[in-house]
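Data from coords36.cif: mmCIF, N, CA and C atoms and all ligand atoms
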```cif
data_final
loop_
_atom_site.label_atom_id
_atom_site.label_comp_id
_atom_site.auth_asym_id
_atom_site.auth_seq_id
_atom_site.Cartn_x
_atom_site.Cartn_y
_atom_site.Cartn_z
N MET O 20 74.16 -188.06 13.30
CA MET O 20 75.50 -188.05 13.89
C MET O 20 75.94 -189.49 14.18
N ASN O 21 77.02 -189.91 13.55
CA ASN O 21 77.50 -191.29 13.70
C ASN O 21 78.84 -191.33 14.44
N CYS O 22 79.07 -192.42 15.14
CA CYS O 22 80.29 -192.60 15.91
C CYS O 22 81.52 -192.55 15.00
N PRO O 23 82.54 -191.78 15.39
CA PRO O 23 83.75 -191.70 14.55
C PRO O 23 84.56 -193.00 14.56
N HIS O 24 84.25 -193.90 15.47
CA HIS O 24 85.01 -195.15 15.56
C HIS O 24 84.35 -196.28 14.80
N CYS O 25 83.05 -196.49 15.02
CA CYS O 25 82.36 -197.67 14.46
C CYS O 25 81.28 -197.30 13.45
N GLY O 26 80.92 -196.01 13.37
CA GLY O 26 79.94 -195.58 12.38
C GLY O 26 78.49 -195.75 12.78
N VAL O 27 78.23 -196.27 13.97
CA VAL O 27 76.85 -196.46 14.42
C VAL O 27 76.24 -195.11 14.81
N HIS O 28 74.95 -194.91 14.47
CA HIS O 28 74.27 -193.67 14.81
C HIS O 28 74.18 -193.53 16.33
N VAL O 29 74.25 -192.28 16.81
CA VAL O 29 74.25 -192.02 18.26
C VAL O 29 73.02 -192.60 18.94
N ASP O 30 71.87 -192.58 18.27
CA ASP O 30 70.64 -193.11 18.88
C ASP O 30 70.62 -194.64 18.95
N GLU O 31 71.51 -195.28 18.20
CA GLU O 31 71.56 -196.74 18.17
C GLU O 31 72.77 -197.26 18.95
N HIS O 32 73.69 -196.38 19.29
CA HIS O 32 74.95 -196.82 19.89
C HIS O 32 74.73 -197.35 21.30
N GLU O 33 75.17 -198.58 21.54
CA GLU O 33 75.04 -199.16 22.87
C GLU O 33 76.20 -198.70 23.76
N ALA O 34 76.05 -198.88 25.06
CA ALA O 34 77.12 -198.58 26.00
C ALA O 34 78.33 -199.46 25.71
N SER O 35 79.49 -198.84 25.56
CA SER O 35 80.70 -199.59 25.21
C SER O 35 81.92 -198.67 25.39
N SER O 36 83.10 -199.27 25.34
CA SER O 36 84.32 -198.46 25.41
C SER O 36 84.43 -197.55 24.20
N CYS O 37 83.86 -197.98 23.09
CA CYS O 37 83.83 -197.16 21.88
C CYS O 37 83.05 -195.86 22.13
N PHE O 38 81.85 -195.98 22.69
CA PHE O 38 81.04 -194.80 23.00
C PHE O 38 81.74 -193.96 24.08
N ASP O 39 82.34 -194.61 25.06
CA ASP O 39 83.03 -193.88 26.12
C ASP O 39 84.16 -193.01 25.55
N ALA O 40 84.88 -193.55 24.57
CA ALA O 40 85.97 -192.79 23.94
C ALA O 40 85.42 -191.59 23.17
N TRP O 41 84.27 -191.78 22.54
CA TRP O 41 83.61 -190.69 21.80
C TRP O 41 83.22 -189.58 22.78
N ILE O 42 82.62 -189.94 23.91
CA ILE O 42 82.24 -188.96 24.95
C ILE O 42 83.48 -188.26 25.49
N ALA O 43 84.51 -189.03 25.79
CA ALA O 43 85.73 -188.46 26.38
C ALA O 43 86.34 -187.40 25.46
N ALA O 44 86.40 -187.71 24.18
CA ALA O 44 87.05 -186.79 23.23
C ALA O 44 86.17 -185.58 22.92
N ASP O 45 84.90 -185.81 22.61
CA ASP O 45 84.07 -184.74 22.06
C ASP O 45 83.29 -183.96 23.12
N VAL O 46 82.90 -184.62 24.20
CA VAL O 46 82.11 -183.93 25.23
C VAL O 46 83.01 -183.47 26.38
N MET O 47 83.85 -184.37 26.87
CA MET O 47 84.70 -184.03 28.01
C MET O 47 86.00 -183.37 27.56
N GLU O 48 86.26 -183.39 26.27
CA GLU O 48 87.44 -182.75 25.68
C GLU O 48 88.74 -183.27 26.26
N LEU O 49 88.81 -184.59 26.46
CA LEU O 49 90.04 -185.24 26.90
C LEU O 49 90.82 -185.70 25.68
N ALA O 50 92.13 -185.73 25.80
CA ALA O 50 92.96 -186.25 24.72
C ALA O 50 92.93 -187.77 24.76
N ILE O 51 92.74 -188.37 23.60
CA ILE O 51 92.59 -189.81 23.52
C ILE O 51 93.75 -190.41 22.73
N ALA O 52 94.27 -191.50 23.23
CA ALA O 52 95.24 -192.29 22.47
C ALA O 52 94.70 -193.71 22.37
N TYR O 53 95.24 -194.47 21.46
CA TYR O 53 94.73 -195.81 21.22
C TYR O 53 95.83 -196.82 21.50
N SER O 54 95.45 -197.92 22.13
CA SER O 54 96.45 -198.88 22.59
C SER O 54 96.84 -199.88 21.51
N SER O 55 96.17 -199.84 20.37
CA SER O 55 96.46 -200.80 19.31
C SER O 55 97.12 -200.10 18.14
N GLU O 56 97.95 -200.80 17.40
CA GLU O 56 98.55 -200.25 16.20
C GLU O 56 97.56 -200.26 15.03
N LYS O 57 96.50 -201.04 15.18
CA LYS O 57 95.51 -201.13 14.11
C LYS O 57 94.77 -199.80 13.96
N ALA O 58 94.31 -199.55 12.76
CA ALA O 58 93.47 -198.37 12.54
C ALA O 58 92.21 -198.51 13.37
N TRP O 59 91.80 -197.43 14.02
CA TRP O 59 90.69 -197.51 14.95
C TRP O 59 89.40 -197.98 14.33
N TYR O 60 89.21 -197.67 13.07
CA TYR O 60 87.93 -198.07 12.45
C TYR O 60 87.89 -199.54 12.08
N GLU O 61 89.03 -200.23 12.21
CA GLU O 61 89.04 -201.66 11.92
C GLU O 61 88.83 -202.49 13.16
N ASP O 62 88.91 -201.87 14.32
CA ASP O 62 88.89 -202.65 15.55
C ASP O 62 88.19 -201.87 16.65
N VAL O 63 86.87 -201.99 16.71
CA VAL O 63 86.15 -201.26 17.75
C VAL O 63 86.34 -201.90 19.11
N GLU O 64 86.97 -203.07 19.16
CA GLU O 64 87.25 -203.71 20.44
C GLU O 64 88.54 -203.20 21.06
N THR O 65 89.25 -202.32 20.33
CA THR O 65 90.46 -201.72 20.87
C THR O 65 90.19 -201.11 22.25
N THR O 66 91.12 -201.27 23.14
CA THR O 66 90.98 -200.62 24.45
C THR O 66 91.36 -199.15 24.30
N PHE O 67 90.43 -198.29 24.63
CA PHE O 67 90.70 -196.86 24.53
C PHE O 67 91.32 -196.36 25.83
N VAL O 68 92.38 -195.65 25.74
CA VAL O 68 93.05 -195.11 26.92
C VAL O 68 93.32 -193.63 26.71
N THR O 69 93.46 -192.89 27.79
CA THR O 69 93.81 -191.48 27.66
C THR O 69 95.32 -191.36 27.49
N LEU O 70 95.75 -190.19 27.09
CA LEU O 70 97.17 -189.96 26.90
C LEU O 70 97.93 -190.10 28.23
N LEU O 71 97.25 -189.87 29.32
CA LEU O 71 97.91 -190.00 30.62
C LEU O 71 97.98 -191.45 31.08
N GLY O 72 97.40 -192.33 30.32
CA GLY O 72 97.51 -193.74 30.64
C GLY O 72 96.39 -194.27 31.51
N SER O 73 95.51 -193.38 31.96
CA SER O 73 94.40 -193.87 32.77
C SER O 73 93.26 -194.30 31.86
N LYS O 74 92.57 -195.33 32.26
CA LYS O 74 91.48 -195.84 31.44
C LYS O 74 90.34 -194.83 31.41
N ILE O 75 89.73 -194.70 30.27
CA ILE O 75 88.60 -193.79 30.12
C ILE O 75 87.45 -194.29 30.99
N LYS O 76 86.74 -193.36 31.60
CA LYS O 76 85.62 -193.74 32.48
C LYS O 76 84.50 -194.39 31.66
N ASP O 77 83.72 -195.17 32.38
CA ASP O 77 82.62 -195.91 31.77
C ASP O 77 81.39 -195.01 31.67
N TYR O 78 81.53 -193.93 30.88
CA TYR O 78 80.48 -192.91 30.83
C TYR O 78 79.13 -193.49 30.41
N SER O 79 79.14 -194.39 29.43
CA SER O 79 77.87 -194.89 28.89
C SER O 79 77.30 -196.05 29.70
N GLY O 80 78.09 -196.58 30.63
CA GLY O 80 77.63 -197.76 31.36
C GLY O 80 77.56 -197.59 32.87
N ASP O 81 77.93 -196.42 33.37
CA ASP O 81 77.98 -196.23 34.82
C ASP O 81 77.39 -194.85 35.15
N ILE O 82 76.43 -194.81 36.04
CA ILE O 82 75.71 -193.54 36.30
C ILE O 82 76.62 -192.50 36.95
N ALA O 83 77.56 -192.92 37.77
CA ALA O 83 78.45 -191.94 38.41
C ALA O 83 79.32 -191.23 37.38
N ALA O 84 79.81 -191.99 36.42
CA ALA O 84 80.62 -191.39 35.35
C ALA O 84 79.75 -190.53 34.44
N ALA O 85 78.56 -191.02 34.11
CA ALA O 85 77.65 -190.26 33.24
C ALA O 85 77.23 -188.95 33.90
N TRP O 86 77.12 -188.97 35.23
CA TRP O 86 76.74 -187.74 35.93
C TRP O 86 77.77 -186.64 35.71
N GLN O 87 79.02 -187.00 35.56
CA GLN O 87 80.07 -186.01 35.28
C GLN O 87 79.86 -185.38 33.91
N VAL O 88 79.35 -186.18 32.97
CA VAL O 88 79.02 -185.64 31.65
C VAL O 88 77.90 -184.62 31.78
N LEU O 89 76.88 -185.00 32.54
CA LEU O 89 75.74 -184.12 32.74
C LEU O 89 76.17 -182.84 33.45
N MET O 90 77.04 -182.96 34.45
CA MET O 90 77.46 -181.79 35.23
C MET O 90 78.43 -180.89 34.47
N ALA O 91 78.89 -181.33 33.31
CA ALA O 91 79.71 -180.46 32.47
C ALA O 91 78.84 -179.34 31.87
N HIS O 92 77.50 -179.56 31.85
CA HIS O 92 76.58 -178.56 31.30
C HIS O 92 75.31 -178.51 32.15
N PRO O 93 75.43 -178.27 33.47
CA PRO O 93 74.25 -178.43 34.35
C PRO O 93 73.12 -177.46 34.05
N GLU O 94 73.43 -176.29 33.51
CA GLU O 94 72.39 -175.28 33.27
C GLU O 94 71.57 -175.58 32.02
N ARG O 95 72.03 -176.54 31.23
CA ARG O 95 71.38 -176.78 29.93
C ARG O 95 70.62 -178.09 29.87
N VAL O 96 70.60 -178.85 30.95
CA VAL O 96 70.17 -180.24 30.84
C VAL O 96 69.05 -180.59 31.80
N THR O 97 68.19 -181.49 31.35
CA THR O 97 67.19 -182.09 32.22
C THR O 97 67.09 -183.57 31.89
N ILE O 98 66.63 -184.37 32.86
CA ILE O 98 66.53 -185.82 32.63
C ILE O 98 65.32 -186.35 33.37
N TRP O 99 64.60 -187.28 32.73
CA TRP O 99 63.44 -187.88 33.40
C TRP O 99 63.23 -189.32 32.92
N LYS O 100 62.39 -190.02 33.66
CA LYS O 100 62.05 -191.40 33.34
C LYS O 100 60.53 -191.51 33.22
N ASP O 101 60.09 -192.20 32.17
CA ASP O 101 58.67 -192.52 32.05
C ASP O 101 58.54 -193.98 31.61
N LYS O 102 57.36 -194.38 31.16
CA LYS O 102 57.14 -195.79 30.84
C LYS O 102 58.01 -196.27 29.67
N ASP O 103 58.51 -195.36 28.85
CA ASP O 103 59.35 -195.73 27.72
C ASP O 103 60.84 -195.78 28.06
N GLY O 104 61.19 -195.41 29.29
CA GLY O 104 62.60 -195.42 29.68
C GLY O 104 63.08 -194.03 30.04
N TRP O 105 64.37 -193.80 29.89
CA TRP O 105 64.98 -192.55 30.28
C TRP O 105 65.12 -191.61 29.09
N THR O 106 64.90 -190.32 29.36
CA THR O 106 65.11 -189.29 28.35
C THR O 106 65.97 -188.19 28.97
N CYS O 107 66.99 -187.78 28.24
CA CYS O 107 67.84 -186.65 28.64
C CYS O 107 67.78 -185.63 27.52
N CYS O 108 67.62 -184.36 27.89
CA CYS O 108 67.55 -183.29 26.89
C CYS O 108 68.48 -182.14 27.26
N PHE O 109 69.09 -181.58 26.24
CA PHE O 109 69.86 -180.34 26.37
C PHE O 109 69.16 -179.27 25.53
N TYR O 110 69.28 -178.02 25.90
CA TYR O 110 68.85 -176.97 25.00
C TYR O 110 70.05 -176.20 24.46
N ALA O 111 69.84 -175.56 23.31
CA ALA O 111 70.91 -174.85 22.63
C ALA O 111 71.33 -173.63 23.43
N MET O 112 72.60 -173.29 23.38
CA MET O 112 73.12 -172.12 24.07
C MET O 112 72.47 -170.86 23.52
N GLY O 113 72.14 -169.93 24.41
CA GLY O 113 71.65 -168.64 23.99
C GLY O 113 70.20 -168.61 23.57
N GLU O 114 69.51 -169.72 23.78
CA GLU O 114 68.13 -169.81 23.34
C GLU O 114 67.20 -169.36 24.48
N ALA O 115 66.32 -168.40 24.22
CA ALA O 115 65.39 -167.96 25.26
C ALA O 115 64.03 -167.72 24.63
N PRO O 116 62.98 -168.41 25.09
CA PRO O 116 63.04 -169.45 26.12
C PRO O 116 63.72 -170.71 25.58
N PRO O 117 64.27 -171.54 26.47
CA PRO O 117 64.96 -172.73 26.00
C PRO O 117 64.02 -173.72 25.32
N ILE O 118 64.50 -174.33 24.26
CA ILE O 118 63.77 -175.41 23.58
C ILE O 118 64.59 -176.67 23.77
N TRP O 119 63.95 -177.72 24.24
CA TRP O 119 64.68 -178.97 24.48
C TRP O 119 64.97 -179.64 23.15
N ARG O 120 66.12 -179.35 22.63
CA ARG O 120 66.45 -179.62 21.24
C ARG O 120 67.20 -180.95 21.06
N TYR O 121 68.11 -181.25 21.97
CA TYR O 121 69.01 -182.40 21.79
C TYR O 121 68.61 -183.50 22.75
N LYS O 122 67.89 -184.49 22.22
CA LYS O 122 67.26 -185.49 23.06
C LYS O 122 67.95 -186.85 22.90
N GLY O 123 68.25 -187.49 24.04
CA GLY O 123 68.75 -188.86 24.04
C GLY O 123 67.79 -189.74 24.81
N LYS O 124 67.40 -190.86 24.23
CA LYS O 124 66.51 -191.80 24.91
C LYS O 124 67.21 -193.15 25.01
N ALA O 125 67.00 -193.85 26.13
CA ALA O 125 67.62 -195.16 26.33
C ALA O 125 66.94 -195.86 27.49
N THR O 126 67.28 -197.12 27.68
CA THR O 126 66.71 -197.87 28.80
C THR O 126 67.44 -197.55 30.11
N THR O 127 68.62 -196.95 30.03
CA THR O 127 69.33 -196.53 31.24
C THR O 127 69.58 -195.02 31.20
N ALA O 128 69.67 -194.41 32.37
CA ALA O 128 69.92 -192.97 32.46
C ALA O 128 71.29 -192.63 31.87
N HIS O 129 72.30 -193.46 32.16
CA HIS O 129 73.65 -193.13 31.71
C HIS O 129 73.76 -193.12 30.19
N LEU O 130 73.10 -194.06 29.53
CA LEU O 130 73.15 -194.09 28.07
C LEU O 130 72.36 -192.93 27.48
N ALA O 131 71.22 -192.58 28.09
CA ALA O 131 70.43 -191.44 27.61
C ALA O 131 71.24 -190.14 27.73
N ILE O 132 71.96 -189.98 28.83
CA ILE O 132 72.81 -188.79 29.03
C ILE O 132 73.87 -188.72 27.94
N CYS O 133 74.53 -189.83 27.67
CA CYS O 133 75.60 -189.85 26.67
C CYS O 133 75.07 -189.54 25.27
N ARG O 134 73.93 -190.12 24.91
CA ARG O 134 73.36 -189.86 23.59
C ARG O 134 72.99 -188.39 23.44
N ALA O 135 72.37 -187.80 24.47
CA ALA O 135 71.99 -186.39 24.40
C ALA O 135 73.23 -185.48 24.39
N ALA O 136 74.24 -185.85 25.17
CA ALA O 136 75.44 -185.00 25.26
C ALA O 136 76.18 -184.92 23.93
N ILE O 137 76.25 -186.04 23.22
CA ILE O 137 76.89 -186.01 21.89
C ILE O 137 76.13 -185.07 20.97
N LYS O 138 74.80 -185.18 20.97
CA LYS O 138 74.00 -184.32 20.09
C LYS O 138 74.15 -182.85 20.47
N ALA O 139 74.17 -182.54 21.76
CA ALA O 139 74.29 -181.16 22.20
C ALA O 139 75.66 -180.58 21.82
N THR O 140 76.70 -181.41 21.97
CA THR O 140 78.05 -180.96 21.64
C THR O 140 78.20 -180.69 20.16
N LYS O 141 77.59 -181.55 19.36
CA LYS O 141 77.68 -181.42 17.90
C LYS O 141 76.56 -180.57 17.32
N GLU O 142 75.62 -180.15 18.20
CA GLU O 142 74.45 -179.38 17.78
C GLU O 142 73.75 -180.04 16.60
N CYS O 143 73.44 -181.32 16.77
CA CYS O 143 72.66 -182.04 15.77
C CYS O 143 71.49 -182.71 16.48
N GLU O 144 70.34 -182.72 15.86
CA GLU O 144 69.13 -183.25 16.50
C GLU O 144 68.83 -184.60 16.03
ZN ZN V 1 81.23 -196.48 18.19
#
```

Show me the file's structure as structure tokens.
Amino acid sequence: MNCPHCGVHVDEHEASSCFDAWIAADVMELAIAYSSEKAWYEDVETTFVTLLGSKIKDYSGDIAAAWQVLMAHPERVTIWKDKDGWTCCFYAMGEAPPIWRYKGKATTAHLAICRAAIKATKECE
């Protein structure tokens, strides 16, 4: 699964406004508009804004914002930290017993949550 804006794989995508826009549109289901006339794939530095004009939250870089992503699916998610960093996992809907299928790993909890949430939303491992 690659970012629709810059093409970077979800497991490699760093925290950025680009990733935040991806989360906002696909996980949080917010309407996204772009502040530049340039095609979005030519300018990943474009400032992403919502249609209401408020700046998209820093989901991939701020734990309070990332927690809202996690709380959009609280029954499906777990998160932990070990010596390798943070891991966030979602399981597929309707699966019993649950299998932790959609895993995001990162050095920060917020980035791990965002990586796992994209995979869970798109149901790709
Ligand atoms: Zn991107």

| said: Counting only C-alpha atoms and all ligand atoms, which residue out of O:Gly104, O:Ala50, O:Asp30, O:Ser35 sits closest to ligand ZN 1 (chain V)? | reply: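 Closest to ligand ZN 1 (chain V) of all the choices is O:Ser35.
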
| said: Residues contacting ligand ZN 1 (chain V) - anything with an atom at most 9 Å away, using only C-alpha atoms and all ligand atoms - can you give me those as a ChimeraX atom specification? | reply: /O:21-29,32-33,35-41,60,63

| task | Find the residues around segment 109-122 of chain O up to 6.5 Å (only N, CA and C atoms counted), leave out those fewer than 6 positions away in its own chain, and share them as a list in words. | result |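 Contacts, in chain order: Arg95, Val96, Thr97, Arg134, Ala135, Lys138, Ala139, Cys143 and Glu144 of chain O.
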
| task | Tell me which protein, DNA and RNA residues are within 8 Å of Val88 of chain O, counting all atoms listed in the file, leaving out same-chain ones fewer than 4 positions away, and put them as a VMD selection string. | result | chain O and resid 46 to 47 78 82 to 84 92 to 93 132 to 133 136

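Going from atom CA of Glu31 of chain O over to atom CA of Gly123 of chain O, you cover 10.2 Å.
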
| query | Which residue out of O:Ile137, O:Val68, O:Ala128, O:Ala85 has the minimum interatomic distance to Ile51 of chain O when all atoms listed in the file are used? | reply |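 Smallest distance to Ile51 of chain O is found for O:Val68.
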
| field | Those in segment 60-136 of chain O with strand (DSSP E or B) from DSSP, as a VMD selection string | value | chain O and resid 67 to 69 74 96 to 101 104 to 110 119 to 125

Once you have the residues from the selection above, write them out as a PDB file, keeping the file's coordinate frame, restricted to N, CA and C atoms.
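The resulting file, result-v8.pdb, is reproduced below:
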```
ATOM      1  N   PHE O  67      90.430-198.290  24.630  1.00  0.00           N
ATOM      2  CA  PHE O  67      90.700-196.860  24.530  1.00  0.00           C
ATOM      3  C   PHE O  67      91.320-196.360  25.830  1.00  0.00           C
ATOM      4  N   VAL O  68      92.380-195.650  25.740  1.00  0.00           N
ATOM      5  CA  VAL O  68      93.050-195.110  26.920  1.00  0.00           C
ATOM      6  C   VAL O  68      93.320-193.630  26.710  1.00  0.00           C
ATOM      7  N   THR O  69      93.460-192.890  27.790  1.00  0.00           N
ATOM      8  CA  THR O  69      93.810-191.480  27.660  1.00  0.00           C
ATOM      9  C   THR O  69      95.320-191.360  27.490  1.00  0.00           C
ATOM     10  N   LYS O  74      92.570-195.330  32.260  1.00  0.00           N
ATOM     11  CA  LYS O  74      91.480-195.840  31.440  1.00  0.00           C
ATOM     12  C   LYS O  74      90.340-194.830  31.410  1.00  0.00           C
ATOM     13  N   VAL O  96      70.600-178.850  30.950  1.00  0.00           N
ATOM     14  CA  VAL O  96      70.170-180.240  30.840  1.00  0.00           C
ATOM     15  C   VAL O  96      69.050-180.590  31.800  1.00  0.00           C
ATOM     16  N   THR O  97      68.190-181.490  31.350  1.00  0.00           N
ATOM     17  CA  THR O  97      67.190-182.090  32.220  1.00  0.00           C
ATOM     18  C   THR O  97      67.090-183.570  31.890  1.00  0.00           C
ATOM     19  N   ILE O  98      66.630-184.370  32.860  1.00  0.00           N
ATOM     20  CA  ILE O  98      66.530-185.820  32.630  1.00  0.00           C
ATOM     21  C   ILE O  98      65.320-186.350  33.370  1.00  0.00           C
ATOM     22  N   TRP O  99      64.600-187.280  32.730  1.00  0.00           N
ATOM     23  CA  TRP O  99      63.440-187.880  33.400  1.00  0.00           C
ATOM     24  C   TRP O  99      63.230-189.320  32.920  1.00  0.00           C
ATOM     25  N   LYS O 100      62.390-190.020  33.660  1.00  0.00           N
ATOM     26  CA  LYS O 100      62.050-191.400  33.340  1.00  0.00           C
ATOM     27  C   LYS O 100      60.530-191.510  33.220  1.00  0.00           C
ATOM     28  N   ASP O 101      60.090-192.200  32.170  1.00  0.00           N
ATOM     29  CA  ASP O 101      58.670-192.520  32.050  1.00  0.00           C
ATOM     30  C   ASP O 101      58.540-193.980  31.610  1.00  0.00           C
ATOM     31  N   GLY O 104      61.190-195.410  29.290  1.00  0.00           N
ATOM     32  CA  GLY O 104      62.600-195.420  29.680  1.00  0.00           C
ATOM     33  C   GLY O 104      63.080-194.030  30.040  1.00  0.00           C
ATOM     34  N   TRP O 105      64.370-193.800  29.890  1.00  0.00           N
ATOM     35  CA  TRP O 105      64.980-192.550  30.280  1.00  0.00           C
ATOM     36  C   TRP O 105      65.120-191.610  29.090  1.00  0.00           C
ATOM     37  N   THR O 106      64.900-190.320  29.360  1.00  0.00           N
ATOM     38  CA  THR O 106      65.110-189.290  28.350  1.00  0.00           C
ATOM     39  C   THR O 106      65.970-188.190  28.970  1.00  0.00           C
ATOM     40  N   CYS O 107      66.990-187.780  28.240  1.00  0.00           N
ATOM     41  CA  CYS O 107      67.840-186.650  28.640  1.00  0.00           C
ATOM     42  C   CYS O 107      67.780-185.630  27.520  1.00  0.00           C
ATOM     43  N   CYS O 108      67.620-184.360  27.890  1.00  0.00           N
ATOM     44  CA  CYS O 108      67.550-183.290  26.890  1.00  0.00           C
ATOM     45  C   CYS O 108      68.480-182.140  27.260  1.00  0.00           C
ATOM     46  N   PHE O 109      69.090-181.580  26.240  1.00  0.00           N
ATOM     47  CA  PHE O 109      69.860-180.340  26.370  1.00  0.00           C
ATOM     48  C   PHE O 109      69.160-179.270  25.530  1.00  0.00           C
ATOM     49  N   TYR O 110      69.280-178.020  25.900  1.00  0.00           N
ATOM     50  CA  TYR O 110      68.850-176.970  25.000  1.00  0.00           C
ATOM     51  C   TYR O 110      70.050-176.200  24.460  1.00  0.00           C
ATOM     52  N   TRP O 119      63.950-177.720  24.240  1.00  0.00           N
ATOM     53  CA  TRP O 119      64.680-178.970  24.480  1.00  0.00           C
ATOM     54  C   TRP O 119      64.970-179.640  23.150  1.00  0.00           C
ATOM     55  N   ARG O 120      66.120-179.350  22.630  1.00  0.00           N
ATOM     56  CA  ARG O 120      66.450-179.620  21.240  1.00  0.00           C
ATOM     57  C   ARG O 120      67.200-180.950  21.060  1.00  0.00           C
ATOM     58  N   TYR O 121      68.110-181.250  21.970  1.00  0.00           N
ATOM     59  CA  TYR O 121      69.010-182.400  21.790  1.00  0.00           C
ATOM     60  C   TYR O 121      68.610-183.500  22.750  1.00  0.00           C
ATOM     61  N   LYS O 122      67.890-184.490  22.220  1.00  0.00           N
ATOM     62  CA  LYS O 122      67.260-185.490  23.060  1.00  0.00           C
ATOM     63  C   LYS O 122      67.950-186.850  22.900  1.00  0.00           C
ATOM     64  N   GLY O 123      68.250-187.490  24.040  1.00  0.00           N
ATOM     65  CA  GLY O 123      68.750-188.860  24.040  1.00  0.00           C
ATOM     66  C   GLY O 123      67.790-189.740  24.810  1.00  0.00           C
ATOM     67  N   LYS O 124      67.400-190.860  24.230  1.00  0.00           N
ATOM     68  CA  LYS O 124      66.510-191.800  24.910  1.00  0.00           C
ATOM     69  C   LYS O 124      67.210-193.150  25.010  1.00  0.00           C
ATOM     70  N   ALA O 125      67.000-193.850  26.130  1.00  0.00           N
ATOM     71  CA  ALA O 125      67.620-195.160  26.330  1.00  0.00           C
ATOM     72  C   ALA O 125      66.940-195.860  27.490  1.00  0.00           C
TER      73      ALA O 125
END
```

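Here the question is which of O:Leu49, O:Asp81, O:Ile75, O:Thr66 gets nearest to His129 of chain O using all atoms listed in the file, and that residue is O:Asp81.
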
| field | Separation of atom CA of Ala43 of chain O from atom C of Lys76 of chain O, in Å and rounded to one decimal | value |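 Distance reported for this atom pair: 8.0 Å.
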
| query | atom CA of Ile42 of chain O and atom CA of Met20 of chain O are how many Å apart? | reply | 13.0 Å

| request: Go through chain O and collect every residue that DSSP, computed from the backbone, puts in helix (DSSP H, G or I); the answer should be as a PyMOL selection string. | output: chain O and resi 36-45+59-61+82-90+93-95+128-141
